[in-house]
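**Student:** If it helps, the file is called structure.txt and holds compact mmCIF, C-alpha atoms and all ligand atoms:
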```
# COMPACT_ATOMS: atom_id res chain seq x y z
CA MET A 1361 -2.94 5.82 15.88
CA GLU A 1362 -1.65 3.04 13.60
CA LYS A 1363 -0.04 3.97 10.30
CA THR A 1364 0.34 1.89 7.18
CA LEU A 1365 2.25 2.36 3.95
CA VAL A 1366 0.10 1.82 0.86
CA LEU A 1367 1.48 1.63 -2.66
CA VAL A 1368 -0.53 1.58 -5.84
CA LYS A 1369 2.02 -0.44 -7.78
CA PRO A 1370 2.97 0.18 -11.43
CA ASP A 1371 0.18 -2.05 -12.81
CA GLY A 1372 -2.41 -0.18 -10.72
CA VAL A 1373 -1.08 3.16 -11.94
CA GLN A 1374 -0.97 2.05 -15.59
CA ARG A 1375 -4.51 0.71 -15.34
CA GLY A 1376 -5.86 3.96 -13.92
CA LEU A 1377 -6.69 2.54 -10.50
CA ILE A 1378 -5.11 5.19 -8.24
CA GLY A 1379 -8.47 6.86 -7.71
CA GLU A 1380 -10.24 3.55 -7.14
CA VAL A 1381 -7.80 2.58 -4.37
CA ILE A 1382 -7.92 6.01 -2.71
CA SER A 1383 -11.68 6.05 -2.95
CA ARG A 1384 -12.03 2.68 -1.21
CA LEU A 1385 -9.72 3.74 1.63
CA GLU A 1386 -11.50 7.08 2.08
CA ARG A 1387 -14.90 5.42 1.99
CA ARG A 1388 -13.78 2.99 4.68
CA GLY A 1389 -12.98 5.93 6.96
CA LEU A 1390 -9.21 5.72 6.90
CA LYS A 1391 -7.38 9.03 6.98
CA LEU A 1392 -4.72 10.10 4.49
CA GLN A 1393 -1.51 11.47 6.00
CA ALA A 1394 0.83 11.67 3.03
CA ALA A 1395 0.98 10.89 -0.68
CA LYS A 1396 3.49 11.12 -3.48
CA PHE A 1397 3.65 9.93 -7.06
CA MET A 1398 7.14 8.64 -7.67
CA GLN A 1399 9.52 6.49 -9.65
CA VAL A 1400 11.00 3.88 -7.30
CA SER A 1401 14.81 3.51 -7.39
CA ASN A 1402 16.47 0.11 -7.34
CA GLU A 1403 17.93 0.98 -3.96
CA LEU A 1404 14.53 1.76 -2.41
CA ALA A 1405 12.98 -1.34 -4.02
CA GLU A 1406 15.74 -3.57 -2.63
CA THR A 1407 15.42 -2.12 0.88
CA HIS A 1408 11.62 -2.28 0.88
CA TYR A 1409 11.55 -5.88 -0.38
CA GLY A 1410 14.77 -6.97 1.41
CA ILE A 1411 12.86 -9.68 3.28
CA HIS A 1412 12.17 -11.44 -0.03
CA LYS A 1413 15.79 -11.46 -1.23
CA GLY A 1414 16.78 -14.94 -2.41
CA LYS A 1415 13.22 -16.04 -3.21
CA THR A 1416 12.47 -17.18 -6.76
CA PHE A 1417 10.27 -14.16 -7.49
CA TYR A 1418 12.66 -11.54 -6.02
CA GLU A 1419 14.29 -10.33 -9.27
CA GLY A 1420 10.92 -10.12 -11.00
CA LEU A 1421 9.49 -8.25 -8.02
CA ILE A 1422 12.24 -5.60 -8.14
CA GLN A 1423 11.76 -5.28 -11.90
CA TYR A 1424 7.96 -4.96 -11.40
CA ILE A 1425 8.04 -2.28 -8.70
CA THR A 1426 10.64 -0.16 -10.56
CA SER A 1427 9.08 -0.58 -14.03
CA SER A 1428 6.85 2.51 -13.92
CA PRO A 1429 5.76 5.06 -11.28
CA VAL A 1430 3.89 4.17 -8.10
CA MET A 1431 1.53 6.15 -5.88
CA ALA A 1432 2.94 5.96 -2.34
CA MET A 1433 0.69 6.90 0.57
CA VAL A 1434 0.42 6.82 4.33
CA TRP A 1435 -3.00 6.03 5.79
CA THR A 1436 -3.90 6.11 9.45
CA GLY A 1437 -6.76 5.01 11.68
CA PRO A 1438 -7.61 2.47 14.37
CA ASN A 1439 -6.38 -0.93 13.21
CA ALA A 1440 -5.26 0.72 9.97
CA VAL A 1441 -2.89 -2.15 9.12
CA ALA A 1442 -5.52 -4.90 9.34
CA ALA A 1443 -8.21 -2.75 7.74
CA VAL A 1444 -6.07 -1.86 4.73
CA ARG A 1445 -4.78 -5.44 4.26
CA GLN A 1446 -8.42 -6.54 4.23
CA THR A 1447 -9.43 -3.89 1.71
CA MET A 1448 -6.51 -4.97 -0.55
CA GLY A 1449 -7.14 -8.71 -0.17
CA ALA A 1450 -4.83 -11.72 0.08
CA THR A 1451 -1.50 -11.63 -1.76
CA ARG A 1452 -2.73 -14.05 -4.44
CA PRO A 1453 -5.72 -12.54 -6.26
CA THR A 1454 -7.34 -15.95 -6.69
CA GLU A 1455 -7.28 -16.39 -2.91
CA SER A 1456 -8.44 -12.85 -2.07
CA ALA A 1457 -11.95 -12.18 -0.84
CA PRO A 1458 -14.58 -11.03 -3.33
CA GLY A 1459 -14.92 -7.27 -3.01
CA SER A 1460 -11.23 -6.74 -2.25
CA VAL A 1461 -9.06 -4.74 -4.65
CA ARG A 1462 -6.90 -7.73 -5.60
CA HIS A 1463 -9.98 -9.84 -6.23
CA ASP A 1464 -11.87 -7.21 -8.13
CA PHE A 1465 -9.00 -6.14 -10.38
CA GLY A 1466 -6.36 -8.88 -10.33
CA LEU A 1467 -5.50 -12.37 -11.54
CA GLU A 1468 -1.81 -12.95 -10.87
CA VAL A 1469 0.29 -12.64 -7.72
CA GLY A 1470 3.03 -10.87 -9.68
CA ARG A 1471 0.54 -8.19 -10.78
CA ASN A 1472 -1.45 -7.75 -7.59
CA LEU A 1473 -1.80 -3.98 -7.85
CA THR A 1474 -1.08 -2.76 -4.33
CA HIS A 1475 1.18 -3.01 -1.32
CA ALA A 1476 0.11 -2.56 2.29
CA SER A 1477 2.21 -2.96 5.46
CA ASP A 1478 1.63 -6.29 7.19
CA SER A 1479 2.07 -5.31 10.88
CA PRO A 1480 2.00 -2.10 12.93
CA GLU A 1481 5.79 -2.38 13.43
CA ASN A 1482 6.41 -2.77 9.69
CA GLY A 1483 3.97 0.09 9.11
CA GLU A 1484 6.22 2.39 11.17
CA THR A 1485 9.39 1.10 9.48
CA GLU A 1486 7.99 1.36 5.97
CA VAL A 1487 6.50 4.82 6.52
CA SER A 1488 9.90 6.10 7.63
CA LEU A 1489 11.61 4.40 4.70
CA TRP A 1490 9.31 6.06 2.12
CA PHE A 1491 8.52 9.42 3.76
CA ASN A 1492 10.31 12.13 5.74
CA ASP A 1493 8.64 13.24 8.96
CA SER A 1494 7.95 16.63 7.37
CA GLU A 1495 5.83 14.96 4.67
CA LEU A 1496 3.37 13.46 7.18
CA ILE A 1497 0.38 15.70 7.78
CA ASP A 1498 -1.38 15.38 11.12
CA TRP A 1499 -4.72 17.05 10.46
CA ASP A 1500 -8.14 17.36 12.03
CA ARG A 1501 -10.88 15.87 9.93
CA ALA A 1502 -14.37 17.11 10.70
CA VAL A 1503 -15.87 13.60 10.69
CA ASP A 1504 -13.19 11.95 12.84
CA ASN A 1505 -15.49 11.65 15.87
CA TRP A 1506 -18.09 9.90 13.72
CA ILE A 1507 -15.61 7.29 12.49
CA PHE A 1508 -13.11 6.89 15.34
CA GLU A 1509 -14.75 5.82 18.62
P1 LIG B 1601 2.01 -8.89 0.28
O1 LIG B 1601 2.25 -7.84 -0.80
O2 LIG B 1601 0.58 -9.35 0.29
O3 LIG B 1601 2.48 -8.44 1.64
P2 LIG B 1601 4.35 -10.62 0.19
O4 LIG B 1601 4.33 -12.07 0.50
O5 LIG B 1601 4.99 -9.71 1.18
O6 LIG B 1601 2.85 -10.19 -0.14
O7 LIG B 1601 5.06 -10.47 -1.22
C1 LIG B 1601 5.41 -9.19 -1.70
C2 LIG B 1601 5.02 -9.09 -3.14
O8 LIG B 1601 5.84 -9.98 -3.91
C3 LIG B 1601 3.58 -9.50 -3.48
O9 LIG B 1601 2.65 -8.47 -3.25
C4 LIG B 1601 3.71 -9.85 -4.93
O10 LIG B 1601 3.73 -8.67 -5.74
C5 LIG B 1601 5.10 -10.48 -5.00
N1 LIG B 1601 5.03 -11.94 -4.88
C6 LIG B 1601 4.84 -12.67 -3.76
N2 LIG B 1601 4.83 -13.98 -4.03
C7 LIG B 1601 5.03 -14.09 -5.37
C8 LIG B 1601 5.13 -15.20 -6.28
O11 LIG B 1601 5.02 -16.38 -5.90
N3 LIG B 1601 5.34 -14.89 -7.60
C9 LIG B 1601 5.46 -13.61 -8.05
N4 LIG B 1601 5.39 -12.54 -7.23
C10 LIG B 1601 5.17 -12.78 -5.91
MG MG B 1602 4.39 -8.13 2.36
```
Could I get this structure in the form of structure tokens?
**Tutor:**
Amino acid sequence: MEKTLVLVKPDGVQRGLIGEVISRLERRGLKLQAAKFMQVSNELAETHYGIHKGKTFYEGLIQYITSSPVMAMVWTGPNAVAAVRQTMGATRPTESAPGSVRHDFGLEVGRNLTHASDSPENGETEVSLWFNDSELIDWDRAVDNWIFE
């Protein structure tokens, strides 16, 4: 089943939105596999956002993600990547769909509250960057058959 890395970024943590984000993902039917509250190192930030190196917002992005703790999580489910990106909304809050997290809580792209992997391949890569295999819990959820076809 697809996996996706979700981060509640420092602004989401500071604003008390960890529970809100988890609640939306649980309500949707996605399944939690791992979670940790952590301070992101410069090294991890630079690896995670390596694709953006050289862009105008890169330095600010590294500063943002390392400025305060994040809640890092792995969520799984059918089409987990697309489902979570949809729940989070478009990168720019003013372009995100009403009802999405970035729409409902955000205004600026540089304070857009969450991260979610953008493809199944990047989901795998990001999950292994942020979590050890031993931290991923493969568990049976009683309602799985009522959510997963
Ligand atoms: P994503 O988080 O929706 O996948 P990306 O394009 O991968 O968006 O950008 C990574 C992160 O970099 C965004 O979530 C946002 O925090 C930040 N970012 C992207 N574009 C800008 C910008 O133009 N100004 C400031 N920050 C930006
Ligand atoms: Mg991205």
**Student:** Using all atoms listed in the file, find each protein or nucleic acid residue lying at most 10 Å from ligand MG 1602 (chain B); present the set as a ChimeraX atom specification.
**Tutor:** /A:1408-1409,1411-1412,1445,1451,1475-1479,1482
**Student:** All residues within 9 Å of ligand LIG 1601 (chain B) are required, counting only C-alpha atoms and all ligand atoms; please report them as a PyMOL selection string.
**Tutor:** chain A and resi 1369+1409+1411-1412+1415-1418+1420-1422+1424-1425+1445+1448-1452+1468-1478
**Student:** What's the separation between CA of Ala1394 (chain A) and CA of Leu1377 (chain A), in Å to one decimal place?
**Tutor:** 18.0 Å
**Student:** If I take CA of Glu1486 (chain A) and CA of Gly1379 (chain A), how far is one from the other in Å, to one decimal?
**Tutor:**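 Separating CA of Glu1486 (chain A) from CA of Gly1379 (chain A) is a distance of 22.1 Å.
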**Student:** Just checking: using all atoms listed in the file, which residue out of A:Glu1455, A:Gly1376, A:Glu1481, A:Gly1437 ends up closest to Glu1509 (chain A)?
**Tutor:** A:Gly1437
**Student:** Could you state the separation of CA of Pro1453 (chain A) and CA of Gly1414 (chain A) in Å, given to one decimal place?
**Tutor:**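 According to the coordinates, CA of Pro1453 (chain A) and CA of Gly1414 (chain A) are separated by 23.0 Å.
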**Student:** Need to verify the contact set: Leu1365 (chain A), 7 Å, all atoms listed in the file, exclusion of same-chain residues closer than 2 positions in sequence. Can you return it as a PyMOL selection string?
**Tutor:** chain A and resi 1363+1367+1433-1435+1476-1477+1483+1486-1487
**Student:** Show me, as an mmCIF file with C-alpha atoms, keeping the file's coordinate frame, the residues that have an atom within 8 Å of Val1444 (chain A) when counting all atoms listed in the file, minus same-chain residues fewer than 3 positions from it.
**Tutor:**
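Written out: selection-v4.cif:
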```cif
data_model
loop_
_atom_site.group_PDB
_atom_site.id
_atom_site.type_symbol
_atom_site.label_atom_id
_atom_site.label_comp_id
_atom_site.auth_asym_id
_atom_site.auth_seq_id
_atom_site.Cartn_x
_atom_site.Cartn_y
_atom_site.Cartn_z
ATOM 1 C CA THR A 1364 0.340 1.890 7.180
ATOM 2 C CA LEU A 1385 -9.720 3.740 1.630
ATOM 3 C CA ALA A 1440 -5.260 0.720 9.970
ATOM 4 C CA VAL A 1441 -2.890 -2.150 9.120
ATOM 5 C CA THR A 1447 -9.430 -3.890 1.710
ATOM 6 C CA MET A 1448 -6.510 -4.970 -0.550
ATOM 7 C CA ALA A 1476 0.110 -2.560 2.290
#
```
**Student:** I need the residue nearest Asp1500 (chain A) from this list: A:Val1368, A:Ala1443, A:Leu1392, A:Val1381. Use only C-alpha atoms for the distance.
**Tutor:**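 Among A:Val1368, A:Ala1443, A:Leu1392, A:Val1381, it is A:Leu1392 that comes nearest to Asp1500 (chain A).
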**Student:** With all atoms listed in the file as the basis for distance, which of A:Ser1494, A:Ser1460, A:Gln1399, A:Gln1393 is at the shortest distance from Ser1427 (chain A)?
**Tutor:** A:Gln1399
**Student:** Take the point (2.9, 7.9, -7.4) in the file's coordinates, draw a sphere of radius 10 Å around it, and report as a PyMOL selection string every protein, DNA or RNA residue with an atom inside or on it, counting only C-alpha atoms.
**Tutor:** chain A and resi 1367-1370+1373+1378+1395-1400+1428-1433
**Student:** Considering all atoms listed in the file, give me a table of residues in region 1364-1456 of chain A that are at most 12 Å from region 1504-1508 of chain A, with the closest atom pair and distance in Å for each, as a tab-separated table.
**Tutor:**
```
residue	atom	partner	partner_atom	distance
A:Glu1386	CA	A:Ile1507	CA	11.2
A:Arg1387	CA	A:Ile1507	CA	10.7
A:Arg1388	CA	A:Ile1507	CA	9.1
A:Gly1389	CA	A:Ile1507	CA	6.3
A:Leu1390	CA	A:Ile1507	CA	8.6
A:Lys1391	CA	A:Asp1504	CA	8.8
A:Thr1436	CA	A:Phe1508	CA	11.0
A:Gly1437	CA	A:Phe1508	CA	7.6
A:Pro1438	CA	A:Phe1508	CA	7.1
A:Asn1439	CA	A:Phe1508	CA	10.5
A:Ala1440	CA	A:Phe1508	CA	11.3
```
**Student:** Ranking A:Pro1458, A:Gln1423, A:Ala1442, A:Leu1404 by minimum distance to Leu1489 (chain A) and counting all atoms listed in the file, which one comes first?
**Tutor:**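 Closest to Leu1489 (chain A) of all the choices is A:Leu1404.
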**Student:** Can you work out which one of A:Gln1374, A:Thr1407, A:Met1361, A:Ser1383 has the shortest atom-to-atom distance to Ser1488 (chain A), counting only C-alpha atoms?
**Tutor:**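 Using only C-alpha atoms, Ser1488 (chain A) sits closest to A:Thr1407.
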